[in-house]
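**Student:** Sharing input.txt here; it has compact mmCIF, C-alpha atoms and all ligand atoms.
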# COMPACT_ATOMS: atom_id res chain seq x y z
CA MET A 1 120.58 169.68 -7.03
CA ALA A 2 123.75 168.61 -8.81
CA LEU A 3 123.47 165.86 -11.39
CA ALA A 4 125.91 163.64 -9.49
CA GLU A 5 123.77 163.79 -6.38
CA PHE A 6 120.63 162.96 -8.35
CA LEU A 7 122.30 159.96 -10.03
CA GLN A 8 123.60 158.77 -6.65
CA GLN A 9 120.04 158.85 -5.26
CA LEU A 10 118.85 156.80 -8.23
CA ASP A 11 121.60 154.18 -7.74
CA ASP A 12 120.89 153.90 -4.02
CA LEU A 13 117.21 153.45 -4.74
CA ALA A 14 117.83 150.72 -7.35
CA ALA A 15 120.08 148.83 -4.93
CA ALA A 16 117.52 149.14 -2.08
CA ALA A 17 114.71 147.93 -4.36
CA ASP A 18 116.74 144.90 -5.53
CA HIS A 19 117.46 144.00 -1.94
CA ALA A 20 113.85 144.38 -0.80
CA PHE A 21 112.50 142.27 -3.68
CA ALA A 22 115.03 139.50 -3.10
CA ALA A 23 114.25 139.44 0.63
CA ALA A 24 110.49 139.16 0.04
CA GLY A 25 109.66 135.46 0.67
CA ASP A 26 105.94 135.56 -0.08
CA PRO A 27 103.61 137.50 -2.39
CA GLU A 28 102.31 139.76 0.39
CA THR A 29 105.77 141.01 1.37
CA LEU A 30 106.69 141.48 -2.27
CA GLU A 31 103.55 143.56 -2.88
CA ALA A 32 104.44 145.78 0.09
CA ALA A 33 107.91 146.29 -1.41
CA ARG A 34 106.35 147.13 -4.77
CA VAL A 35 104.16 149.80 -3.17
CA GLU A 36 107.18 151.17 -1.30
CA PHE A 37 109.31 151.61 -4.45
CA LEU A 38 106.95 151.71 -7.40
CA GLY A 39 103.80 153.11 -5.74
CA ALA A 40 102.13 155.67 -8.05
CA LYS A 41 101.56 158.31 -5.35
CA GLN A 42 103.99 157.86 -2.47
CA GLY A 43 106.51 155.46 -4.03
CA ARG A 44 110.19 156.21 -3.48
CA LEU A 45 110.80 156.27 -7.24
CA LYS A 46 108.06 158.87 -7.54
CA SER A 47 109.67 161.14 -4.94
CA VAL A 48 113.05 160.88 -6.71
CA GLN A 49 111.27 161.79 -9.94
CA LYS A 50 110.03 164.96 -8.23
CA GLN A 51 113.69 165.98 -7.59
CA LEU A 52 114.23 166.00 -11.37
CA GLY A 53 112.90 169.59 -11.51
CA ARG A 54 115.77 170.75 -9.28
CA VAL A 55 118.51 169.41 -11.54
CA PRO A 56 120.23 172.17 -13.64
CA LYS A 57 118.68 172.65 -17.04
CA GLU A 58 121.66 171.43 -19.09
CA ASP A 59 121.76 168.14 -17.08
CA LYS A 60 118.04 167.42 -17.23
CA ARG A 61 118.23 165.28 -20.37
CA ALA A 62 120.88 162.97 -18.93
CA ALA A 63 119.10 162.80 -15.57
CA GLY A 64 115.77 161.96 -17.25
CA MET A 65 117.30 159.16 -19.35
CA ARG A 66 118.94 157.61 -16.29
CA PHE A 67 115.71 157.90 -14.33
CA ASN A 68 113.83 156.01 -17.05
CA GLU A 69 116.51 153.27 -17.11
CA VAL A 70 116.38 152.75 -13.36
CA LYS A 71 112.60 152.78 -13.29
CA ALA A 72 112.50 150.05 -15.99
CA ALA A 73 115.14 148.03 -14.12
CA VAL A 74 113.21 148.21 -10.83
CA GLU A 75 109.99 147.21 -12.61
CA ASN A 76 111.76 144.25 -14.21
CA ALA A 77 113.30 143.20 -10.92
CA PHE A 78 109.82 143.21 -9.39
CA GLN A 79 108.35 141.14 -12.25
CA ASP A 80 111.16 138.57 -12.07
CA ARG A 81 110.78 138.10 -8.34
CA ALA A 82 106.97 137.84 -8.63
CA GLN A 83 107.35 135.06 -11.20
CA GLN A 84 109.93 133.27 -9.09
CA LEU A 85 107.67 133.25 -6.04
CA GLN A 86 104.74 131.99 -8.07
CA SER A 87 106.67 129.02 -9.44
CA GLN A 88 107.93 128.09 -5.95
CA GLY A 89 104.41 127.83 -4.65
CA PRO A 90 103.39 128.66 -1.10
CA GLN A 91 106.25 128.76 1.37
CA GLN A 92 106.30 126.26 4.23
CA ALA A 93 105.19 127.52 7.57
CA ALA A 94 107.90 128.47 9.99
CA GLY A 95 108.55 126.29 13.03
CA PRO A 96 109.29 122.58 13.37
CA GLN A 97 108.77 120.85 10.07
CA PHE A 98 107.65 117.33 9.22
CA ASP A 99 110.57 114.98 8.63
CA PRO A 100 109.37 111.97 6.62
CA THR A 101 112.59 110.05 7.31
CA LEU A 102 111.96 109.79 11.06
CA PRO A 103 110.55 106.45 12.30
CA GLY A 104 106.84 106.64 13.15
CA THR A 105 105.14 106.04 16.48
CA PRO A 106 104.58 102.28 16.68
CA LEU A 107 100.98 101.14 17.12
CA SER A 108 100.72 98.16 19.42
CA LEU A 109 98.31 95.73 17.82
CA GLY A 110 96.28 93.22 19.78
CA ARG A 111 96.08 89.63 18.60
CA LEU A 112 93.90 86.59 18.97
CA HIS A 113 94.54 84.19 21.84
CA PRO A 114 96.63 81.19 20.70
CA ILE A 115 93.75 78.82 21.41
CA THR A 116 91.38 80.97 19.34
CA GLN A 117 93.94 80.99 16.54
CA THR A 118 94.21 77.20 16.79
CA ILE A 119 90.43 76.78 16.69
CA GLU A 120 90.21 78.95 13.56
CA GLU A 121 92.89 76.89 11.86
CA LEU A 122 91.27 73.57 12.83
CA LYS A 123 87.93 74.77 11.43
CA ASP A 124 89.71 75.72 8.25
CA ILE A 125 91.40 72.34 7.81
CA MET A 126 88.27 70.34 8.63
CA GLY A 127 86.21 72.65 6.41
CA ARG A 128 88.38 71.63 3.48
CA LEU A 129 87.61 67.99 4.34
CA GLY A 130 83.90 68.78 4.08
CA PHE A 131 83.01 69.18 7.78
CA SER A 132 80.79 72.07 8.81
CA VAL A 133 80.83 73.65 12.25
CA ALA A 134 78.14 72.92 14.86
CA GLU A 135 77.73 74.43 18.29
CA GLY A 136 76.16 73.40 21.56
CA PRO A 137 75.68 74.83 25.05
CA GLU A 138 78.35 74.62 27.76
CA ILE A 139 75.70 74.03 30.43
CA GLU A 140 74.15 70.66 29.63
CA ASP A 141 71.58 68.22 30.91
CA GLU A 142 72.35 64.62 31.78
CA ARG A 143 70.65 63.33 28.67
CA HIS A 144 73.09 65.01 26.28
CA ASN A 145 76.21 64.61 28.41
CA PHE A 146 75.52 60.99 29.43
CA GLU A 147 72.31 59.09 28.69
CA ALA A 148 72.06 59.50 24.93
CA LEU A 149 75.79 58.80 24.78
CA ASN A 150 75.16 55.36 26.26
CA ILE A 151 76.53 56.29 29.68
CA PRO A 152 74.01 54.74 32.10
CA ARG A 153 73.11 56.10 35.52
CA GLU A 154 75.45 53.83 37.47
CA HIS A 155 78.46 54.56 35.23
CA PRO A 156 81.50 55.97 37.09
CA ALA A 157 81.89 58.76 34.48
CA ARG A 158 78.83 60.37 36.11
CA ASP A 159 80.51 60.59 39.52
CA PRO A 160 80.04 64.05 41.11
CA LEU A 161 83.78 64.08 41.81
CA ASP A 162 84.44 63.95 38.05
CA ASN A 163 81.91 66.57 36.94
CA PHE A 164 80.84 70.13 37.71
CA TYR A 165 77.19 69.58 38.59
CA ILE A 166 74.89 72.56 38.92
CA HIS A 167 71.72 72.34 41.01
CA GLY A 168 68.80 72.69 38.65
CA GLY A 169 66.66 73.82 41.63
CA SER A 170 64.37 71.64 43.78
CA GLY A 171 62.23 69.42 41.61
CA PHE A 172 64.37 70.04 38.52
CA PRO A 173 66.87 67.58 37.09
CA PRO A 174 70.53 68.50 37.69
CA LEU A 175 72.56 70.31 35.04
CA LEU A 176 76.32 70.26 34.58
CA LEU A 177 79.13 72.01 32.77
CA ARG A 178 79.68 69.68 29.83
CA SER A 179 82.61 67.32 30.37
CA GLN A 180 83.04 66.57 26.66
CA THR A 181 81.99 67.99 23.29
CA SER A 182 80.35 64.64 22.41
CA THR A 183 77.16 66.32 23.69
CA VAL A 184 77.03 68.19 20.37
CA GLN A 185 76.91 64.89 18.43
CA ILE A 186 73.59 64.18 20.13
CA ARG A 187 72.21 67.70 19.61
CA VAL A 188 73.05 67.63 15.90
CA MET A 189 71.66 64.14 15.26
CA GLU A 190 68.48 64.96 17.18
CA ASN A 191 67.83 67.82 14.80
CA THR A 192 69.20 66.63 11.46
CA PRO A 193 68.49 63.50 9.42
CA PRO A 194 71.58 61.63 8.13
CA PRO A 195 74.00 62.08 6.42
CA VAL A 196 75.88 64.25 8.96
CA ARG A 197 79.39 65.58 8.72
CA ILE A 198 80.21 68.11 11.46
CA ILE A 199 82.89 69.25 13.84
CA SER A 200 82.28 71.09 17.09
CA LEU A 201 84.92 73.07 18.91
CA GLY A 202 84.49 74.43 22.38
CA ARG A 203 85.15 74.42 26.09
CA VAL A 204 84.72 71.42 28.36
CA TYR A 205 85.05 71.27 32.15
CA ARG A 206 86.42 68.65 34.54
CA PRO A 207 87.34 69.08 38.21
CA ASP A 208 91.02 68.26 37.67
CA THR A 209 93.79 69.88 39.70
CA ALA A 210 95.74 72.18 37.40
CA ASP A 211 99.23 70.97 36.50
CA ALA A 212 101.40 71.06 33.39
CA THR A 213 98.98 68.83 31.44
CA HIS A 214 95.64 69.37 33.22
CA TYR A 215 93.35 72.33 33.63
CA PRO A 216 89.76 72.34 34.92
CA MET A 217 88.66 73.93 31.63
CA PHE A 218 90.03 73.04 28.22
CA HIS A 219 88.92 72.73 24.60
CA GLN A 220 88.02 69.78 22.42
CA MET A 221 87.40 69.31 18.74
CA GLU A 222 84.63 66.79 18.22
CA GLY A 223 84.06 65.24 14.82
CA LEU A 224 81.06 63.22 13.64
CA LEU A 225 80.37 61.62 10.31
CA VAL A 226 77.25 59.50 9.74
CA ASP A 227 76.36 58.01 6.36
CA ARG A 228 75.60 54.71 4.67
CA HIS A 229 78.99 53.08 4.21
CA VAL A 230 81.47 54.44 6.72
CA THR A 231 84.35 52.38 8.11
CA LEU A 232 87.18 52.68 10.61
CA ALA A 233 89.49 53.13 7.60
CA ASP A 234 87.61 56.34 6.70
CA LEU A 235 88.09 57.58 10.25
CA LYS A 236 91.81 56.86 10.05
CA SER A 237 92.12 58.61 6.67
CA VAL A 238 90.36 61.74 7.91
CA LEU A 239 92.49 61.91 11.07
CA ARG A 240 95.68 61.28 9.13
CA LEU A 241 94.85 64.04 6.62
CA PHE A 242 93.99 66.34 9.49
CA ALA A 243 97.24 65.61 11.36
CA ALA A 244 99.30 66.05 8.22
CA SER A 245 97.70 69.45 7.63
CA TYR A 246 98.00 70.71 11.18
CA LEU A 247 101.31 69.27 12.38
CA GLY A 248 103.13 68.83 9.07
CA GLY A 249 103.44 66.31 6.26
CA ASP A 250 105.59 63.71 8.07
CA VAL A 251 103.00 62.75 10.71
CA HIS A 252 102.05 59.10 11.19
CA ILE A 253 98.95 57.96 12.99
CA ARG A 254 98.25 54.97 15.24
CA PHE A 255 95.05 53.57 16.76
CA ARG A 256 95.20 51.72 20.09
CA PRO A 257 92.19 49.69 21.30
CA SER A 258 90.25 51.52 23.99
CA PHE A 259 86.78 51.90 25.42
CA PHE A 260 84.18 54.66 25.27
CA PRO A 261 80.52 53.96 26.03
CA PHE A 262 79.41 55.80 22.87
CA THR A 263 81.69 54.11 20.32
CA GLU A 264 82.24 50.49 19.35
CA PRO A 265 84.99 49.70 18.54
CA SER A 266 86.81 52.51 20.36
CA VAL A 267 90.39 53.66 19.91
CA GLU A 268 92.92 56.05 21.37
CA VAL A 269 94.41 58.24 18.64
CA ASP A 270 98.19 58.75 18.64
CA PHE A 271 100.18 60.92 16.23
CA HIS A 272 103.87 60.17 15.66
CA TRP A 273 105.68 63.46 15.59
CA ASN A 274 109.28 64.47 16.30
CA ASP A 275 110.24 60.82 17.10
CA GLN A 276 107.46 60.47 19.67
CA TRP A 277 104.03 58.86 19.79
CA ILE A 278 101.65 61.32 21.44
CA GLU A 279 98.01 60.70 22.38
CA PHE A 280 95.72 63.41 21.07
CA GLY A 281 92.27 61.98 21.87
CA GLY A 282 89.72 59.24 21.42
CA ALA A 283 87.64 57.99 18.52
CA GLY A 284 85.58 55.09 17.25
CA MET A 285 82.53 53.90 15.33
CA VAL A 286 79.34 55.40 16.75
CA ASP A 287 77.67 52.83 19.02
CA PRO A 288 74.29 51.59 17.64
CA ASN A 289 72.73 52.53 20.99
CA VAL A 290 73.66 56.17 20.36
CA LEU A 291 72.17 56.09 16.86
CA ARG A 292 68.98 54.60 18.29
CA ALA A 293 68.86 57.24 21.08
CA VAL A 294 68.57 60.00 18.47
CA GLY A 295 66.12 58.11 16.26
CA TYR A 296 68.55 56.93 13.57
CA ASP A 297 68.31 53.36 12.24
CA PRO A 298 71.61 51.52 12.89
CA GLU A 299 70.65 49.06 10.13
CA GLN A 300 70.67 51.93 7.62
CA VAL A 301 73.49 54.23 8.70
CA VAL A 302 76.86 53.98 10.40
CA GLY A 303 79.23 56.65 11.60
CA PHE A 304 82.51 57.53 13.19
CA ALA A 305 83.28 60.09 15.88
CA PHE A 306 86.42 61.53 17.37
CA GLY A 307 87.37 63.97 20.09
CA LEU A 308 90.79 65.67 20.13
CA GLY A 309 92.34 68.00 22.70
CA VAL A 310 92.80 71.48 21.23
CA GLU A 311 95.36 72.66 23.83
CA ARG A 312 97.38 69.50 23.27
CA LEU A 313 97.52 70.14 19.52
CA CYS A 314 98.51 73.77 20.01
CA MET A 315 101.13 72.83 22.62
CA ARG A 316 102.77 70.26 20.35
CA ARG A 317 102.79 72.53 17.38
CA HIS A 318 104.37 75.47 19.25
CA GLY A 319 106.49 73.64 21.81
CA VAL A 320 104.45 74.87 24.82
CA THR A 321 105.16 72.58 27.78
CA ASP A 322 102.64 73.82 30.36
CA ILE A 323 98.89 74.15 29.63
CA ARG A 324 98.56 76.75 32.42
CA GLU A 325 100.47 79.26 30.27
CA PHE A 326 97.37 79.64 28.08
CA TYR A 327 95.26 80.91 30.97
CA LYS A 328 97.66 83.12 32.93
CA ASN A 329 97.12 85.95 30.43
CA ASP A 330 100.77 86.97 30.57
CA VAL A 331 101.23 89.19 27.51
CA ARG A 332 104.88 88.15 27.20
CA PHE A 333 103.60 84.65 26.48
CA LEU A 334 100.58 85.66 24.40
CA HIS A 335 102.60 88.06 22.22
CA GLN A 336 104.59 85.15 20.81
CA PHE A 337 101.66 83.83 18.78
N1 LIG B 401 84.49 62.37 24.37
C1 LIG B 401 85.72 61.60 24.50
C2 LIG B 401 86.59 62.24 25.60
O1 LIG B 401 86.30 63.32 26.01
C3 LIG B 401 86.50 61.57 23.21
C4 LIG B 401 85.76 60.83 22.13
C5 LIG B 401 84.97 61.51 21.25
C6 LIG B 401 85.90 59.46 21.99
C7 LIG B 401 84.30 60.83 20.24
C8 LIG B 401 85.25 58.78 20.98
C9 LIG B 401 84.45 59.48 20.12
O2 LIG B 401 87.55 61.65 26.04
How does this structure look as structure tokens?

**Tutor:**
Amino acid sequence: MALAEFLQQLDDLAAAADHAFAAAGDPETLEAARVEFLGAKQGRLKSVQKQLGRVPKEDKRAAGMRFNEVKAAVENAFQDRAQQLQSQGPQQAAGPQFDPTLPGTPLSLGRLHPITQTIEELKDIMGRLGFSVAEGPEIEDERHNFEALNIPREHPARDPLDNFYIHGGSGFPPLLLRSQTSTVQIRVMENTPPPVRIISLGRVYRPDTADATHYPMFHQMEGLLVDRHVTLADLKSVLRLFAASYLGGDVHIRFRPSFFPFTEPSVEVDFHWNDQWIEFGGAGMVDPNVLRAVGYDPEQVVGFAFGLGVERLCMRRHGVTDIREFYKNDVRFLHQF
């Protein structure tokens, strides 16, 4: 074999090795290329080395030197590429890749019903004024809904047309869906000695035809405070602080004389808001008959009570003009809260 031919083989081999190493994108491919070119038994460099014996004697020295140069160069090229791949770390898998700049898939979150949100906020405000939360049943007996609240048997408030009575069964006294949260006043005082400072929030039921301001079920917030020296001025302060917290700092409050069997004196509670006086509920000083009915001594303790409409508060605050919206369960409405 002529020297020129041998050298040409060496050059071709070096170029092929460079190409194969550069094209190897991962350690496994690179190792395969190493075995192909530098393999000790069947490597392509090895088989070129075997041709060395066929080069004419006088050219052997030159051919051997060139062979050693190329072998070192191929070995170096392999080492360099191996190092490069190691510092790059594992290659990313082929196929569609994760693009962190794309917007994610939106999760649609549920939310609390606006009335539930309102109730939570009212509890929070009244909690800061020192009132704890009490609960009572929605199905009541006549004692808690009427009698102990000083509403005698012949009182028109007990009319079947104004209440949802439930047959207690023959021989049992009738029950009813409570028409007011004042029932909870009685339940709390029956079970706790004074002083008492509670609110109760919950559903009440009245057979009203549904319209923009009426619904046969709605919510009230009842408040009750009983202690030694309590006056109507305390009631007004508490309600004014409450209104300022819930509706905003510029709320004024007004009491108008009224009548409830369980308070004396009794008042209607109006808040002045957005240039309007709006009635939010009733209040008054707990009637001595009520205190007596639960075993309190009206000579020792006095109290005030109030009952506010929760829907009405929520409607004013959010500009809702029809109470029926709360109970249609239209998500386009509910999503706004
Ligand atoms: N229970 C009365 C109502 O439903 C409101 C009220 C509560 C009035 C407490 C006075 C005291 O209209």

**Student:** Counting all atoms listed in the file, what are the residues of chain A within 8 Å of ligand LIG 401 (chain B), and for each of them which pair of atoms is the nearest and at what distance in Å, to one decimal? Sort the table by chain and rising number, as a tab-separated table.

**Tutor:**
residue	atom	partner	partner_atom	distance
A:Ser179	CA	B:LIG401	O1	7.0
A:Gln180	CA	B:LIG401	O1	4.6
A:Thr181	CA	B:LIG401	N1	6.2
A:Ser182	CA	B:LIG401	N1	5.1
A:Gln220	CA	B:LIG401	O1	7.6
A:Glu222	CA	B:LIG401	C5	6.1
A:Gly223	CA	B:LIG401	C7	7.0
A:Leu224	CA	B:LIG401	C7	7.7
A:Phe260	CA	B:LIG401	C8	6.0
A:Phe262	CA	B:LIG401	C9	6.8
A:Thr263	CA	B:LIG401	C8	5.9
A:Ser266	CA	B:LIG401	C8	6.5
A:Val267	CA	B:LIG401	C8	7.3
A:Glu268	CA	B:LIG401	C6	7.8
A:Gly281	CA	B:LIG401	C3	5.9
A:Gly282	CA	B:LIG401	C6	3.9
A:Ala283	CA	B:LIG401	C8	3.5
A:Gly284	CA	B:LIG401	C8	5.3
A:Met285	CA	B:LIG401	C9	7.6
A:Val286	CA	B:LIG401	C9	7.4
A:Phe304	CA	B:LIG401	C9	7.5
A:Ala305	CA	B:LIG401	C9	4.4
A:Phe306	CA	B:LIG401	C7	3.6
A:Gly307	CA	B:LIG401	C5	3.6
A:Leu308	CA	B:LIG401	C3	6.7

**Student:** Write out as a PDB file with C-alpha atoms, in the frame of the given file which residues come within 6 Å of A:Asp270 when counting all atoms listed in the file, dropping same-chain ones fewer than 5 positions away.

**Tutor:**
ATOM      1  CA  ILE A 253      98.950  57.960  12.990  1.00  0.00           C
ATOM      2  CA  ARG A 254      98.250  54.970  15.240  1.00  0.00           C
ATOM      3  CA  TRP A 277     104.030  58.860  19.790  1.00  0.00           C
ATOM      4  CA  ILE A 278     101.650  61.320  21.440  1.00  0.00           C
ATOM      5  CA  GLU A 279      98.010  60.700  22.380  1.00  0.00           C
ATOM      6  CA  PHE A 280      95.720  63.410  21.070  1.00  0.00           C
TER       7      PHE A 280
END

**Student:** Give me the residues near A:Asn274 as number ranges by chain, where near means some atom within 10 Å (using only C-alpha atoms) and where sequence neighbours in that chain fewer than 6 positions away do not count.

**Tutor:** A: 250-251, 316

**Student:** May I have the residues within 9 Å of A:Ile323 as an NGL selection string, using only C-alpha atoms and disregarding those fewer than 3 positions away in the same chain?

**Tutor:** :A and (210-215 or 311-312 or 315 or 320 or 326-327)

**Student:** Fewer than 6 positions away in the same chain doesn't count, so skip those; otherwise give me all residues within 10 Å of A:Ala73, counting only C-alpha atoms, as a list in words.

**Tutor:**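 Result of the neighbour search: Ala14, Ala17, Asp18, Phe67 and Gln79 of chain A.
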
**Student:** For atom CA of A:Leu201 and atom CA of A:Asp234, determine how far apart the two atoms are, in Å to one decimal place.

**Tutor:**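 Separating atom CA of A:Leu201 from atom CA of A:Asp234 is a distance of 20.9 Å.
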
**Student:** Taking all atoms listed in the file into account, name the residue in A:Asp141, A:Glu264, A:Glu75, A:Asp59 that is nearest to A:Leu38.

**Tutor:**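 Residue with the minimum atom-to-atom distance to A:Leu38: A:Glu75.
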
**Student:** Could you tell me how far atom CA of A:Ala243 lies from atom CA of A:Phe271, in Å and to one decimal?

**Tutor:**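 Computing it gives 7.4 Å between the two atoms.
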
**Student:** For atom CA of A:Phe21 and atom CA of A:Asp80, determine how far apart the two atoms are, in Å to one decimal place.

**Tutor:**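 Result for atom CA of A:Phe21 versus atom CA of A:Asp80: 9.3 Å, one decimal.
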
**Student:** Could you give me, as a ChimeraX atom specification, the residues within 7 Å of stretch 134-136 of chain A, counting all atoms listed in the file and dropping anything in the same chain fewer than 3 positions from it?

**Tutor:** /A:184,198-200

**Student:** Would you mind completing stretch 113-142 of chain A so that it carries N, CA and C atoms, and writing it out as a short mmCIF file (atom, residue, chain, number, x, y, z; two decimals), in the frame of the given file?

**Tutor:**
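Below is the file that was written, result_33.cif:
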data_model
loop_
_atom_site.label_atom_id
_atom_site.label_comp_id
_atom_site.auth_asym_id
_atom_site.auth_seq_id
_atom_site.Cartn_x
_atom_site.Cartn_y
_atom_site.Cartn_z
N HIS A 113 93.96 85.16 20.92
CA HIS A 113 94.54 84.19 21.84
C HIS A 113 94.99 82.96 21.06
N PRO A 114 96.14 82.35 21.46
CA PRO A 114 96.63 81.19 20.70
C PRO A 114 95.59 80.07 20.53
N ILE A 115 94.75 79.88 21.54
CA ILE A 115 93.75 78.82 21.41
C ILE A 115 92.69 79.21 20.37
N THR A 116 92.33 80.49 20.36
CA THR A 116 91.38 80.97 19.34
C THR A 116 91.99 80.81 17.95
N GLN A 117 93.27 81.16 17.84
CA GLN A 117 93.94 80.99 16.54
C GLN A 117 93.93 79.52 16.11
N THR A 118 94.19 78.63 17.09
CA THR A 118 94.21 77.20 16.79
C THR A 118 92.83 76.74 16.32
N ILE A 119 91.80 77.18 17.04
CA ILE A 119 90.43 76.78 16.69
C ILE A 119 90.10 77.22 15.26
N GLU A 120 90.49 78.46 14.92
CA GLU A 120 90.21 78.95 13.56
C GLU A 120 90.91 78.08 12.53
N GLU A 121 92.14 77.69 12.83
CA GLU A 121 92.89 76.89 11.86
C GLU A 121 92.29 75.48 11.74
N LEU A 122 91.87 74.91 12.87
CA LEU A 122 91.27 73.57 12.83
C LEU A 122 89.96 73.59 12.02
N LYS A 123 89.18 74.65 12.21
CA LYS A 123 87.93 74.77 11.43
C LYS A 123 88.26 74.83 9.94
N ASP A 124 89.32 75.55 9.64
CA ASP A 124 89.71 75.72 8.25
C ASP A 124 90.11 74.38 7.62
N ILE A 125 90.94 73.63 8.34
CA ILE A 125 91.40 72.34 7.81
C ILE A 125 90.22 71.38 7.65
N MET A 126 89.39 71.28 8.68
CA MET A 126 88.27 70.34 8.63
C MET A 126 87.22 70.80 7.62
N GLY A 127 87.13 72.11 7.43
CA GLY A 127 86.21 72.65 6.41
C GLY A 127 86.60 72.16 5.03
N ARG A 128 87.91 72.12 4.79
CA ARG A 128 88.38 71.63 3.48
C ARG A 128 88.10 70.15 3.31
N LEU A 129 87.95 69.42 4.43
CA LEU A 129 87.61 67.99 4.34
C LEU A 129 86.09 67.80 4.33
N GLY A 130 85.35 68.88 4.25
CA GLY A 130 83.90 68.78 4.08
C GLY A 130 83.10 68.80 5.37
N PHE A 131 83.73 69.15 6.50
CA PHE A 131 83.01 69.18 7.78
C PHE A 131 82.54 70.60 8.08
N SER A 132 81.26 70.75 8.41
CA SER A 132 80.79 72.07 8.81
C SER A 132 80.76 72.18 10.33
N VAL A 133 80.67 73.40 10.81
CA VAL A 133 80.83 73.65 12.25
C VAL A 133 79.47 73.67 12.94
N ALA A 134 79.36 72.92 14.05
CA ALA A 134 78.14 72.92 14.86
C ALA A 134 78.49 73.40 16.26
N GLU A 135 77.48 73.95 16.94
CA GLU A 135 77.73 74.43 18.29
C GLU A 135 76.71 73.89 19.27
N GLY A 136 77.09 73.84 20.53
CA GLY A 136 76.16 73.40 21.56
C GLY A 136 76.44 74.15 22.84
N PRO A 137 75.52 74.07 23.81
CA PRO A 137 75.68 74.83 25.05
C PRO A 137 76.75 74.25 25.97
N GLU A 138 77.36 75.11 26.80
CA GLU A 138 78.35 74.62 27.76
C GLU A 138 77.69 74.11 29.03
N ILE A 139 76.47 74.60 29.31
CA ILE A 139 75.70 74.03 30.43
C ILE A 139 74.74 73.00 29.84
N GLU A 140 74.88 71.77 30.27
CA GLU A 140 74.15 70.66 29.63
C GLU A 140 73.26 69.93 30.62
N ASP A 141 72.35 69.13 30.07
CA ASP A 141 71.58 68.22 30.91
C ASP A 141 72.20 66.82 30.83
N GLU A 142 71.74 65.95 31.71
CA GLU A 142 72.35 64.62 31.78
C GLU A 142 72.06 63.78 30.54
#
